[in-house]
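Written out below as structure tokens is the structure these notes cover.
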Amino acid sequence: MHCPPGFEARGEVIQATFLGEHMALNLNDVTRIAHLARLELAEGEAQQTLGQLNNIFALVEKMQAVDTTGIEPLAHPVDQIAEIALRLRADAVTEEIRRDDFQQCAPATQDGLYLVPRVIE
């Protein structure tokens with residue numbers, strides 16, 4: 001399988017790898033990926049998708065450039081912005097079991113179950 005530079009073939013999957021300082025796709029890469037994903041893209045859509053994908057790659061490169069040495073991963077990022085108590089409702093039963101009321105209109109019930117005619121012999 002022929003793959004564009006910066007891509008690695010694994011079966012029908014194309015995996016992008018960052019080469020050097022900058023990873024960018026071209027229009028042929030986008031149309032190839034769309035073909036593998038069985039997506040039909042018009043020329044204008046392919047060009048727009050190319051810009052969006054390259055913006056995503058640029059953002060990833062910026063994020064990878066940040067030195068995160070010694071920074072603990074966050075369980076919830078909101079904790080660092082403000083002390084916000086998460087508004088969780090109490091886990092309480094709010095409905096009552098009304099099985100008998102619901103089964104009053106059923107033609108046949110037994111031990112809380114609906115009885116239905118046998119369909120398969």
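Lettering and numbering for the structure tokens are positional, with chains as A, B, ... in the shown order, residues counted from 1 in each chain, and ligands counted from 1 in the shown order.
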Exercise for review: Would you kindly return, as a PyMOL selection string, each protein, DNA or RNA residue with an atom no farther than 12 Å from any atom of Pro117 (chain A), considering only C-alpha atoms and excluding same-chain residues fewer than 4 positions away?
Suggested key: chain A and resi 107-109+121
Revision key, fill the gap. CA of Ala65 (chain A) to CA of Leu27 (chain A) measures 26.3 Å
Check your understanding: What is the distance between CA of Leu50 (chain A) and CA of Gln64 (chain A), in Å to one decimal?
Key ->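 Interatomic distance here is 21.0 Å.
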Check your understanding: Suppose you want the space between CA of Glu43 (chain A) and CA of Ile56 (chain A); what is it in Å?
Key -> 20.0 Å
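Nearest residue to Arg99 (chain A) among A:Thr49, A:Pro73, A:Lys62, A:Tyr114 is A:Tyr114, counting only C-alpha atoms.
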Review point. From the list A:Leu115, A:Ala106, A:Met23, A:Val93, which residue is nearest Phe57 (chain A) when using only C-alpha atoms?
Key: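 Selected residue with least distance to Phe57 (chain A): A:Met23.
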